[in-house]
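Asks: Quick one, my_file.json (JSON, C-alpha atoms):
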[["chain", "number", "residue", "atom", "x", "y", "z"],
["G", 127, "MET", "CA", 100.47, 115.79, 235.54],
["G", 128, "ARG", "CA", 98.80, 114.49, 238.69],
["G", 129, "ASN", "CA", 95.45, 115.15, 237.09],
["G", 130, "ARG", "CA", 96.43, 113.01, 234.10],
["G", 131, "PHE", "CA", 97.21, 110.33, 236.70],
["G", 132, "ILE", "CA", 93.63, 110.55, 237.93],
["G", 133, "ILE", "CA", 92.21, 110.19, 234.42],
["G", 134, "ILE", "CA", 94.38, 107.12, 233.80],
["G", 135, "VAL", "CA", 93.23, 105.52, 237.05],
["G", 136, "LEU", "CA", 89.59, 106.20, 236.27],
["G", 137, "SER", "CA", 90.09, 104.85, 232.73],
["G", 138, "LEU", "CA", 91.15, 101.40, 233.92],
["G", 139, "LEU", "CA", 87.57, 100.17, 233.61],
["G", 140, "SER", "CA", 87.45, 101.14, 229.94],
["G", 141, "THR", "CA", 90.13, 98.59, 229.03],
["G", 142, "LEU", "CA", 88.09, 95.61, 230.17],
["G", 143, "VAL", "CA", 87.46, 93.14, 227.34],
["G", 144, "PRO", "CA", 85.91, 89.65, 227.28],
["G", 145, "ILE", "CA", 88.37, 86.99, 228.36],
["G", 146, "GLN", "CA", 88.10, 83.49, 227.01],
["G", 147, "ALA", "CA", 89.04, 81.16, 229.84],
["G", 148, "GLN", "CA", 87.60, 78.65, 232.25],
["G", 149, "GLU", "CA", 85.75, 80.64, 234.92],
["G", 150, "ASN", "CA", 83.72, 79.80, 238.00],
["G", 151, "ALA", "CA", 80.31, 81.32, 238.69],
["G", 152, "ASN", "CA", 81.64, 84.03, 241.00],
["G", 153, "GLU", "CA", 84.22, 85.19, 238.45],
["G", 154, "ARG", "CA", 81.64, 85.28, 235.67],
["G", 155, "GLN", "CA", 79.37, 87.37, 237.90],
["G", 156, "ALA", "CA", 82.25, 89.72, 238.79],
["G", 157, "LYS", "CA", 83.08, 90.32, 235.13],
["G", 158, "ARG", "CA", 79.42, 90.85, 234.24],
["G", 159, "ILE", "CA", 79.05, 93.51, 236.96],
["G", 160, "PHE", "CA", 82.37, 95.06, 235.98],
["G", 161, "ASN", "CA", 81.19, 95.35, 232.38],
["G", 162, "GLN", "CA", 77.87, 96.91, 233.40],
["G", 163, "ALA", "CA", 79.69, 99.45, 235.56],
["G", 164, "TYR", "CA", 81.94, 100.16, 232.58],
["G", 165, "GLN", "CA", 78.98, 100.87, 230.31],
["G", 166, "GLN", "CA", 77.64, 103.47, 232.74],
["G", 167, "VAL", "CA", 80.99, 105.19, 233.03],
["G", 168, "PHE", "CA", 82.51, 104.82, 229.57],
["G", 169, "GLY", "CA", 79.52, 104.22, 227.31],
["G", 170, "GLU", "CA", 78.69, 106.42, 224.32],
["G", 171, "GLN", "CA", 76.34, 108.50, 226.50],
["G", 172, "GLY", "CA", 79.27, 109.92, 228.46],
["G", 173, "ALA", "CA", 79.52, 110.53, 232.20],
["G", 174, "ALA", "CA", 80.58, 113.02, 234.86],
["G", 175, "LEU", "CA", 81.80, 112.56, 238.43],
["G", 176, "ARG", "CA", 83.69, 114.13, 241.30],
["G", 177, "TYR", "CA", 86.82, 112.35, 242.49],
["G", 178, "ASP", "CA", 88.63, 112.57, 245.85],
["G", 179, "VAL", "CA", 92.05, 110.96, 245.73],
["G", 180, "ASN", "CA", 94.27, 109.80, 248.56],
["G", 181, "ILE", "CA", 97.67, 108.25, 247.82],
["G", 182, "THR", "CA", 98.62, 106.48, 251.07],
["G", 183, "GLY", "CA", 97.91, 109.70, 252.98],
["G", 184, "LEU", "CA", 100.89, 111.43, 251.34],
["G", 185, "TYR", "CA", 99.02, 113.23, 248.58],
["G", 186, "LYS", "CA", 95.40, 114.26, 248.39],
["G", 187, "THR", "CA", 93.47, 116.05, 245.67],
["G", 188, "TRP", "CA", 89.97, 116.40, 244.31],
["G", 189, "GLY", "CA", 88.27, 117.49, 241.14],
["G", 190, "THR", "CA", 85.49, 116.91, 238.65],
["G", 191, "ILE", "CA", 85.77, 115.12, 235.33],
["G", 192, "TRP", "CA", 83.44, 114.91, 232.34],
["G", 193, "TYR", "CA", 84.08, 112.53, 229.45],
["G", 194, "LYS", "CA", 82.52, 111.09, 226.36],
["G", 195, "GLY", "CA", 84.38, 108.77, 224.04],
["G", 196, "LYS", "CA", 87.88, 110.18, 223.52],
["G", 197, "LYS", "CA", 86.88, 113.64, 224.70],
["G", 198, "SER", "CA", 87.20, 114.84, 228.28],
["G", 199, "LYS", "CA", 87.38, 117.81, 230.61],
["G", 200, "PHE", "CA", 88.56, 118.02, 234.20],
["G", 201, "VAL", "CA", 88.69, 120.79, 236.77],
["G", 202, "ASP", "CA", 90.38, 120.88, 240.17],
["G", 203, "ALA", "CA", 91.59, 123.58, 242.55],
["G", 204, "LYS", "CA", 94.81, 124.24, 240.62],
["G", 205, "MET", "CA", 94.24, 123.22, 237.03],
["G", 206, "LYS", "CA", 91.80, 122.77, 234.17],
["G", 207, "SER", "CA", 92.21, 120.60, 231.09],
["G", 208, "TRP", "CA", 90.28, 119.81, 227.92],
["G", 209, "ASN", "CA", 90.88, 116.92, 225.52],
["G", 210, "ASP", "CA", 88.97, 116.99, 222.22],
["G", 211, "GLY", "CA", 90.35, 113.62, 221.14],
["G", 212, "LYS", "CA", 93.14, 115.20, 219.08],
["G", 213, "THR", "CA", 94.54, 117.98, 221.23],
["G", 214, "VAL", "CA", 94.94, 118.45, 225.00],
["G", 215, "TYR", "CA", 94.71, 121.98, 226.42],
["G", 216, "THR", "CA", 95.94, 122.36, 229.99],
["G", 217, "ILE", "CA", 95.45, 125.63, 231.88],
["G", 218, "LYS", "CA", 98.17, 126.69, 234.31],
["G", 219, "LYS", "CA", 96.58, 129.48, 236.34],
["G", 220, "LYS", "CA", 99.63, 130.79, 238.17],
["G", 221, "LYS", "CA", 101.68, 131.08, 234.98],
["G", 222, "LYS", "CA", 98.68, 132.19, 232.93],
["G", 223, "GLU", "CA", 99.61, 129.60, 230.32],
["G", 224, "VAL", "CA", 97.71, 127.24, 228.07],
["G", 225, "GLU", "CA", 99.91, 124.21, 227.42],
["G", 226, "ILE", "CA", 99.05, 122.29, 224.25],
["G", 227, "HIS", "CA", 99.82, 118.59, 223.68],
["G", 228, "ASP", "CA", 98.92, 115.96, 221.12],
["G", 229, "ALA", "CA", 96.28, 113.69, 222.69],
["G", 230, "LYS", "CA", 97.91, 110.57, 221.20],
["G", 231, "ASN", "CA", 101.40, 111.52, 222.33],
["G", 232, "ASN", "CA", 100.91, 113.63, 225.41],
["G", 233, "LYS", "CA", 104.39, 114.47, 226.69],
["G", 234, "SER", "CA", 102.94, 115.86, 229.91],
["G", 235, "ASP", "CA", 101.63, 112.39, 230.79],
["G", 236, "LYS", "CA", 104.34, 110.51, 232.69],
["G", 237, "TYR", "CA", 102.02, 107.96, 234.30],
["G", 238, "SER", "CA", 100.55, 105.93, 231.44],
["G", 239, "SER", "CA", 103.21, 103.24, 231.31],
["G", 240, "LYS", "CA", 102.88, 102.61, 235.05],
["G", 241, "PHE", "CA", 99.14, 101.98, 234.81],
["G", 242, "LYS", "CA", 98.91, 99.65, 231.83],
["G", 243, "PHE", "CA", 95.99, 97.34, 232.54],
["G", 244, "VAL", "CA", 95.99, 93.85, 231.01],
["G", 245, "PRO", "CA", 92.66, 92.08, 231.80],
["G", 246, "GLU", "CA", 94.15, 88.59, 231.38],
["G", 247, "ASN", "CA", 96.62, 89.29, 234.21],
["G", 248, "PHE", "CA", 93.93, 89.24, 236.90],
["G", 249, "ASP", "CA", 91.65, 86.87, 238.78],
["G", 250, "TYR", "CA", 88.20, 88.37, 239.41],
["G", 251, "SER", "CA", 85.78, 87.96, 242.30],
["G", 252, "VAL", "CA", 82.78, 89.72, 243.80],
["G", 253, "ALA", "CA", 81.49, 89.83, 247.39],
["G", 254, "ASN", "CA", 78.85, 91.64, 249.40],
["G", 255, "ASP", "CA", 79.96, 94.75, 251.25],
["G", 256, "ASP", "CA", 78.15, 96.95, 253.78],
["G", 257, "GLU", "CA", 78.08, 99.72, 251.15],
["G", 258, "GLY", "CA", 77.33, 97.61, 248.06],
["G", 259, "LEU", "CA", 79.27, 95.04, 246.03],
["G", 260, "MET", "CA", 83.05, 94.77, 246.16],
["G", 261, "LEU", "CA", 84.79, 93.70, 242.96],
["G", 262, "THR", "CA", 88.32, 92.43, 243.56],
["G", 263, "LEU", "CA", 90.95, 91.95, 240.88],
["G", 264, "LYS", "CA", 94.19, 90.27, 241.97],
["G", 265, "ALA", "CA", 97.19, 90.02, 239.68],
["G", 266, "LYS", "CA", 98.24, 86.52, 238.70],
["G", 267, "LYS", "CA", 101.69, 85.28, 239.61],
["G", 268, "GLY", "CA", 104.39, 86.99, 237.58],
["G", 269, "ALA", "CA", 102.18, 89.85, 236.36],
["G", 270, "LYS", "CA", 103.84, 93.27, 236.40],
["G", 271, "GLY", "CA", 102.40, 96.69, 237.15],
["G", 272, "ILE", "CA", 99.08, 96.84, 238.98],
["G", 273, "LYS", "CA", 98.91, 94.24, 241.75],
["G", 274, "GLU", "CA", 95.36, 94.62, 242.99],
["G", 275, "ILE", "CA", 92.16, 96.58, 242.30],
["G", 276, "HIS", "CA", 89.17, 96.90, 244.62],
["G", 277, "ALA", "CA", 86.13, 98.53, 242.98],
["G", 278, "LEU", "CA", 83.09, 99.21, 245.16],
["G", 279, "VAL", "CA", 79.80, 99.66, 243.27],
["G", 280, "LYS", "CA", 76.18, 100.15, 244.31],
["G", 281, "ARG", "CA", 74.30, 96.90, 244.75],
["G", 282, "GLN", "CA", 71.35, 97.59, 242.43],
["G", 283, "THR", "CA", 72.68, 100.04, 239.86],
["G", 284, "TYR", "CA", 76.41, 99.13, 239.81],
["G", 285, "GLU", "CA", 77.31, 102.82, 239.91],
["G", 286, "PRO", "CA", 80.92, 103.32, 241.11],
["G", 287, "ILE", "CA", 81.49, 104.40, 244.71],
["G", 288, "ARG", "CA", 85.18, 103.87, 245.36],
["G", 289, "VAL", "CA", 88.25, 102.40, 243.63],
["G", 290, "ARG", "CA", 91.47, 101.30, 245.33],
["G", 291, "ILE", "CA", 94.54, 100.40, 243.30],
["G", 292, "LYS", "CA", 97.80, 98.85, 244.49],
["G", 293, "ILE", "CA", 101.08, 99.22, 242.62],
["G", 294, "ALA", "CA", 104.09, 97.75, 244.40],
["G", 295, "PHE", "CA", 103.36, 98.65, 248.06],
["G", 296, "ILE", "CA", 101.47, 101.86, 247.31],
["G", 297, "TRP", "CA", 97.69, 102.09, 247.57],
["G", 298, "THR", "CA", 95.72, 104.83, 245.82],
["G", 299, "THR", "CA", 92.11, 105.40, 246.88],
["G", 300, "ILE", "CA", 89.61, 107.28, 244.72],
["G", 301, "LYS", "CA", 86.21, 108.13, 246.19],
["G", 302, "ILE", "CA", 83.57, 108.88, 243.55],
["G", 303, "SER", "CA", 80.55, 111.11, 244.10],
["G", 304, "ASN", "CA", 78.04, 113.19, 242.12],
["G", 305, "PHE", "CA", 78.09, 110.47, 239.47],
["G", 306, "LYS", "CA", 76.00, 111.09, 236.38],
["G", 307, "SER", "CA", 75.75, 108.78, 233.38],
["G", 308, "GLY", "CA", 74.55, 110.38, 230.13],
["G", 309, "GLY", "CA", 73.64, 113.90, 229.10],
["G", 310, "ILE", "CA", 77.23, 114.85, 228.18],
["G", 311, "THR", "CA", 77.34, 116.96, 225.02],
["G", 312, "ASP", "CA", 80.28, 117.83, 222.75],
["G", 313, "GLU", "CA", 79.76, 121.51, 223.57],
["G", 314, "MET", "CA", 80.34, 120.77, 227.26],
["G", 315, "LEU", "CA", 83.75, 119.35, 226.34],
["G", 316, "ARG", "CA", 84.81, 122.08, 223.89],
["G", 317, "PHE", "CA", 87.92, 124.07, 224.86],
["G", 318, "PRO", "CA", 86.72, 127.68, 225.37],
["G", 319, "ALA", "CA", 89.69, 129.47, 223.80],
["G", 320, "GLU", "CA", 87.86, 132.79, 224.01],
["G", 321, "GLN", "CA", 88.11, 132.69, 227.81],
["G", 322, "PHE", "CA", 91.92, 132.58, 227.72],
["G", 323, "LYS", "CA", 92.80, 135.32, 225.23],
["G", 324, "ASP", "CA", 95.20, 136.95, 227.72],
["G", 325, "TYR", "CA", 97.05, 133.67, 228.38],
["G", 326, "ASN", "CA", 100.30, 132.60, 226.76],
["G", 327, "PHE", "CA", 99.81, 129.53, 224.51],
["G", 328, "VAL", "CA", 102.72, 127.09, 224.72],
["G", 329, "ASP", "CA", 102.61, 124.45, 221.97],
["G", 330, "LYS", "CA", 104.42, 121.24, 223.00],
["G", 331, "ARG", "CA", 103.19, 119.00, 220.20]]
Could the structure of this file be written out as C-alpha cells, please?

Replies:
Amino acid sequence: MRNRFIIIVLSLLSTLVPIQAQENANERQAKRIFNQAYQQVFGEQGAALRYDVNITGLYKTWGTIWYKGKKSKFVDAKMKSWNDGKTVYTIKKKKKEVEIHDAKNNKSDKYSSKFKFVPENFDYSVANDDEGLMLTLKAKKGAKGIKEIHALVKRQTYEPIRVRIKIAFIWTTIKISNFKSGGITDEMLRFPAEQFKDYNFVDKR
C-alpha cells in the first residue's frame, strides 16, 4: 500500500493541464517547465527512475519504478507490483502470495483520495536553486488536500531531481535518481506469471 502511495505522488505531474487564467511571466514560465518535465516523465516513450522517500523522518523507503502510459512496474526491498492497465499484480514475498486487483478499482489503494491534484487550486512560480530550478506550487485559499509542492528539476534538461509535497502539516520528500526517459517496452512491464507458479494467487477484484 505504501508503494501505491509512491506511485500516486510521482503521478501528480501527469495531471497537469493547461489553465486558462491571467498569468504573469514567472507563472507562465513555471507552467511551461512543469509541462516539459511532465513530457519526459509521463510521455508516450515511458520512463524509469529510482525513488528514495522520507515522510518527515518517520518512514523511509526506496525502490525503482518503470511506467509507460497506464502500465507500470515497481520493485522495492519488500514488494513487487505490475500494472498492465487492467489488472494489478502485487507480490507479497513473506506470504508467497500474488494479490490481484482491478487497476480501475484497486481496493489495496487507500491513498488516492488524499492526493487528488487539481491544477486550478495552485499558484505557480519558478526560481533558481543551487541544484537547478525550483518549481513551487502553493494552494490557493480554501483549497483542500495538497497544500504545497516543491519540484526541483535540472536547469537545462528539466529532468526531475526531487519532489516535496505538503499535506496538512506533513511533508513527504522524494529524491529521484537513475532517471531514464524512453526505451520502455511493453515486455518490460509484463507480469511474469511463470516466475510465481508456487505462489498462492488471491483474486480481490

Asks: Do a neighbour search on G:Ala151 at 12 Å with only C-alpha atoms, toss out local chain neighbours closer than 6 positions, and write the hits as a ChimeraX atom specification.

Replies: /G:157-158,250-252

Asks: Could you write out the selected residues, including C-alpha atoms, as a tab-separated table (two decimals), in the frame of the given file?

Replies:
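Once written, again31.tsv looks like this:
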chain	number	residue	atom	x	y	z
G	157	LYS	CA	83.08	90.32	235.13
G	158	ARG	CA	79.42	90.85	234.24
G	250	TYR	CA	88.20	88.37	239.41
G	251	SER	CA	85.78	87.96	242.30
G	252	VAL	CA	82.78	89.72	243.80

Asks: Find the spatial neighbours of G:Val214, counting only C-alpha atoms, within a cut-off of 6 Å - ignore same-chain residues fewer than 2 positions away - and output them as a PyMOL selection string.

Replies: chain G and resi 208-209+226-227+229

Asks: List as number ranges by chain the protein and nucleic acid residues near G:Lys264, meaning an atom at most 10 Å away when all atoms listed in the file are counted, but skip any in the same chain fewer than 2 places from it.

Replies: G: 247-251, 262, 266-267, 269, 272-276, 292

Asks: Work out how far apart atom CA of G:Tyr284 and atom CA of G:Thr187 are and give it in Å to one decimal.

Replies: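 So the answer is 24.7 Å.
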
Asks: Rank G:Leu184, G:Ile191, G:Val201, G:Leu278 by their smallest atom-to-atom distance to G:Phe160, using all atoms listed in the file, and report the top residue only.

Replies: G:Leu278

Asks: Looking at only C-alpha atoms, which of G:Pro286, G:Ala253, G:Phe305, G:Ile217 is the one that sits closest to G:Tyr325?

Replies: G:Ile217

Asks: Between atom CA of G:Asp210 and atom CA of G:Lys330, measure the distance and give it in Å to one decimal.

Replies: 16.0 Å

Asks: Just give me the gap between atom CA of G:Arg176 and atom CA of G:Asp255 in Å, one decimal is fine.

Replies: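 So the answer is 22.1 Å.
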
Asks: Using all atoms listed in the file, find the one residue out of G:Asp312, G:Glu257, G:Glu153, G:Asp329 that sits nearest to G:Gly211.

Replies: G:Asp312

Asks: Please list as a ChimeraX atom specification every residue within 7 Å of G:Val179, counting all atoms listed in the file and excluding residues in the same chain fewer than 3 positions away.

Replies: /G:186-188,299-301

Asks: Please, which residues are within 7 Å of (83.4, 117.7, 223.8) by the file's coordinates, counting all atoms listed in the file, and could they come as a list in words?

Replies: Lys197, Ser198, Asp210, Thr311, Asp312, Glu313, Met314, Leu315 and Arg316 of chain G

Asks: Using all atoms listed in the file, determine which residues lie at most 7 Å from G:Gly195, disregarding the query and same-chain residues fewer than 2 positions distant; provide the list as a list in words.

Replies: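 Selected residues are Glu170, Gly172, Tyr193 and Lys197 of chain G.
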
Asks: For G:Gln282, which residue among G:Leu259, G:Lys306, G:Asn231, G:Phe327 is the nearest when counting all atoms listed in the file?

Replies: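 Closest to G:Gln282, using all atoms listed in the file: G:Leu259.
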
Asks: Could you tell me which of G:Glu320, G:Val328, G:Thr283, G:Ser303 comes closest to G:Tyr164 if we count all atoms listed in the file?

Replies: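 So, comparing all the options, the nearest one is G:Thr283.
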
Asks: Taking (101.9, 107.3, 245.5) in the coordinates of the supplied file, I want to know which residues reach to within 10 Å of it, counting only C-alpha atoms; could you give the answer as an NGL selection string?

Replies: :G and (180-186 or 292-298)

Asks: Looking at only C-alpha atoms, which of G:Lys212, G:Lys280, G:Arg288, G:Lys196 is the one that sits closest to G:Tyr177?

Replies: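 Result for the nearest residue to G:Tyr177: G:Arg288.
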
Asks: Would you mind writing stretch 262-291 of chain G with N, CA and C atoms, as a PDB file, keeping the file's coordinate frame?

Replies:
ATOM      1  N   THR G 262      86.892  92.524 243.265  1.00  0.00           N
ATOM      2  CA  THR G 262      88.320  92.430 243.560  1.00  0.00           C
ATOM      3  C   THR G 262      89.055  91.799 242.389  1.00  0.00           C
ATOM      4  N   LEU G 263      90.099  92.462 241.939  1.00  0.00           N
ATOM      5  CA  LEU G 263      90.950  91.950 240.880  1.00  0.00           C
ATOM      6  C   LEU G 263      92.342  91.780 241.457  1.00  0.00           C
ATOM      7  N   LYS G 264      92.858  90.545 241.457  1.00  0.00           N
ATOM      8  CA  LYS G 264      94.190  90.270 241.970  1.00  0.00           C
ATOM      9  C   LYS G 264      95.088  89.773 240.851  1.00  0.00           C
ATOM     10  N   ALA G 265      96.264  90.373 240.756  1.00  0.00           N
ATOM     11  CA  ALA G 265      97.190  90.020 239.680  1.00  0.00           C
ATOM     12  C   ALA G 265      97.653  88.569 239.835  1.00  0.00           C
ATOM     13  N   LYS G 266      97.737  87.889 238.704  1.00  0.00           N
ATOM     14  CA  LYS G 266      98.240  86.520 238.700  1.00  0.00           C
ATOM     15  C   LYS G 266      99.749  86.520 238.922  1.00  0.00           C
ATOM     16  N   LYS G 267     100.267  85.402 239.312  1.00  0.00           N
ATOM     17  CA  LYS G 267     101.690  85.280 239.610  1.00  0.00           C
ATOM     18  C   LYS G 267     102.526  85.694 238.398  1.00  0.00           C
ATOM     19  N   GLY G 268     103.493  86.551 238.640  1.00  0.00           N
ATOM     20  CA  GLY G 268     104.390  86.990 237.580  1.00  0.00           C
ATOM     21  C   GLY G 268     103.944  88.235 236.834  1.00  0.00           C
ATOM     22  N   ALA G 269     102.697  88.661 237.044  1.00  0.00           N
ATOM     23  CA  ALA G 269     102.180  89.850 236.360  1.00  0.00           C
ATOM     24  C   ALA G 269     102.852  91.108 236.909  1.00  0.00           C
ATOM     25  N   LYS G 270     103.182  92.031 236.012  1.00  0.00           N
ATOM     26  CA  LYS G 270     103.840  93.270 236.400  1.00  0.00           C
ATOM     27  C   LYS G 270     102.840  94.419 236.463  1.00  0.00           C
ATOM     28  N   GLY G 271     103.252  95.502 237.093  1.00  0.00           N
ATOM     29  CA  GLY G 271     102.400  96.690 237.150  1.00  0.00           C
ATOM     30  C   GLY G 271     101.409  96.635 238.289  1.00  0.00           C
ATOM     31  N   ILE G 272     100.140  96.807 237.973  1.00  0.00           N
ATOM     32  CA  ILE G 272      99.080  96.840 238.980  1.00  0.00           C
ATOM     33  C   ILE G 272      98.971  95.475 239.670  1.00  0.00           C
ATOM     34  N   LYS G 273      98.972  95.485 240.984  1.00  0.00           N
ATOM     35  CA  LYS G 273      98.910  94.240 241.750  1.00  0.00           C
ATOM     36  C   LYS G 273      97.506  93.880 242.206  1.00  0.00           C
ATOM     37  N   GLU G 274      96.696  94.903 242.454  1.00  0.00           N
ATOM     38  CA  GLU G 274      95.360  94.620 242.990  1.00  0.00           C
ATOM     39  C   GLU G 274      94.445  95.819 242.750  1.00  0.00           C
ATOM     40  N   ILE G 275      93.164  95.530 242.471  1.00  0.00           N
ATOM     41  CA  ILE G 275      92.160  96.580 242.300  1.00  0.00           C
ATOM     42  C   ILE G 275      90.930  96.182 243.095  1.00  0.00           C
ATOM     43  N   HIS G 276      90.415  97.102 243.897  1.00  0.00           N
ATOM     44  CA  HIS G 276      89.170  96.900 244.620  1.00  0.00           C
ATOM     45  C   HIS G 276      88.197  97.971 244.137  1.00  0.00           C
ATOM     46  N   ALA G 277      87.118  97.576 243.500  1.00  0.00           N
ATOM     47  CA  ALA G 277      86.130  98.530 242.980  1.00  0.00           C
ATOM     48  C   ALA G 277      84.800  98.301 243.690  1.00  0.00           C
ATOM     49  N   LEU G 278      84.362  99.282 244.440  1.00  0.00           N
ATOM     50  CA  LEU G 278      83.090  99.210 245.160  1.00  0.00           C
ATOM     51  C   LEU G 278      82.000  99.859 244.308  1.00  0.00           C
ATOM     52  N   VAL G 279      80.908  99.128 244.070  1.00  0.00           N
ATOM     53  CA  VAL G 279      79.800  99.660 243.270  1.00  0.00           C
ATOM     54  C   VAL G 279      78.497  99.479 244.040  1.00  0.00           C
ATOM     55  N   LYS G 280      77.486 100.269 243.675  1.00  0.00           N
ATOM     56  CA  LYS G 280      76.180 100.150 244.310  1.00  0.00           C
ATOM     57  C   LYS G 280      75.546  98.807 243.958  1.00  0.00           C
ATOM     58  N   ARG G 281      74.826  98.250 244.903  1.00  0.00           N
ATOM     59  CA  ARG G 281      74.300  96.900 244.750  1.00  0.00           C
ATOM     60  C   ARG G 281      73.294  96.759 243.609  1.00  0.00           C
ATOM     61  N   GLN G 282      72.395  97.706 243.437  1.00  0.00           N
ATOM     62  CA  GLN G 282      71.350  97.590 242.430  1.00  0.00           C
ATOM     63  C   GLN G 282      71.739  98.175 241.082  1.00  0.00           C
ATOM     64  N   THR G 283      72.400  99.309 241.102  1.00  0.00           N
ATOM     65  CA  THR G 283      72.680 100.040 239.860  1.00  0.00           C
ATOM     66  C   THR G 283      74.090  99.821 239.319  1.00  0.00           C
ATOM     67  N   TYR G 284      75.007  99.334 240.165  1.00  0.00           N
ATOM     68  CA  TYR G 284      76.410  99.130 239.810  1.00  0.00           C
ATOM     69  C   TYR G 284      77.144 100.446 239.535  1.00  0.00           C
ATOM     70  N   GLU G 285      76.601 101.552 240.027  1.00  0.00           N
ATOM     71  CA  GLU G 285      77.310 102.820 239.910  1.00  0.00           C
ATOM     72  C   GLU G 285      78.561 102.776 240.791  1.00  0.00           C
ATOM     73  N   PRO G 286      79.673 103.365 240.328  1.00  0.00           N
ATOM     74  CA  PRO G 286      80.920 103.320 241.110  1.00  0.00           C
ATOM     75  C   PRO G 286      80.842 104.178 242.361  1.00  0.00           C
ATOM     76  N   ILE G 287      81.430 103.677 243.436  1.00  0.00           N
ATOM     77  CA  ILE G 287      81.490 104.400 244.710  1.00  0.00           C
ATOM     78  C   ILE G 287      82.933 104.717 245.069  1.00  0.00           C
ATOM     79  N   ARG G 288      83.781 103.713 244.943  1.00  0.00           N
ATOM     80  CA  ARG G 288      85.180 103.870 245.360  1.00  0.00           C
ATOM     81  C   ARG G 288      86.057 102.867 244.609  1.00  0.00           C
ATOM     82  N   VAL G 289      87.274 103.284 244.275  1.00  0.00           N
ATOM     83  CA  VAL G 289      88.250 102.400 243.630  1.00  0.00           C
ATOM     84  C   VAL G 289      89.563 102.493 244.390  1.00  0.00           C
ATOM     85  N   ARG G 290      90.141 101.340 244.705  1.00  0.00           N
ATOM     86  CA  ARG G 290      91.470 101.300 245.330  1.00  0.00           C
ATOM     87  C   ARG G 290      92.389 100.492 244.432  1.00  0.00           C
ATOM     88  N   ILE G 291      93.595 101.032 244.207  1.00  0.00           N
ATOM     89  CA  ILE G 291      94.540 100.400 243.300  1.00  0.00           C
ATOM     90  C   ILE G 291      95.893 100.266 244.001  1.00  0.00           C
TER      91      ILE G 291
END
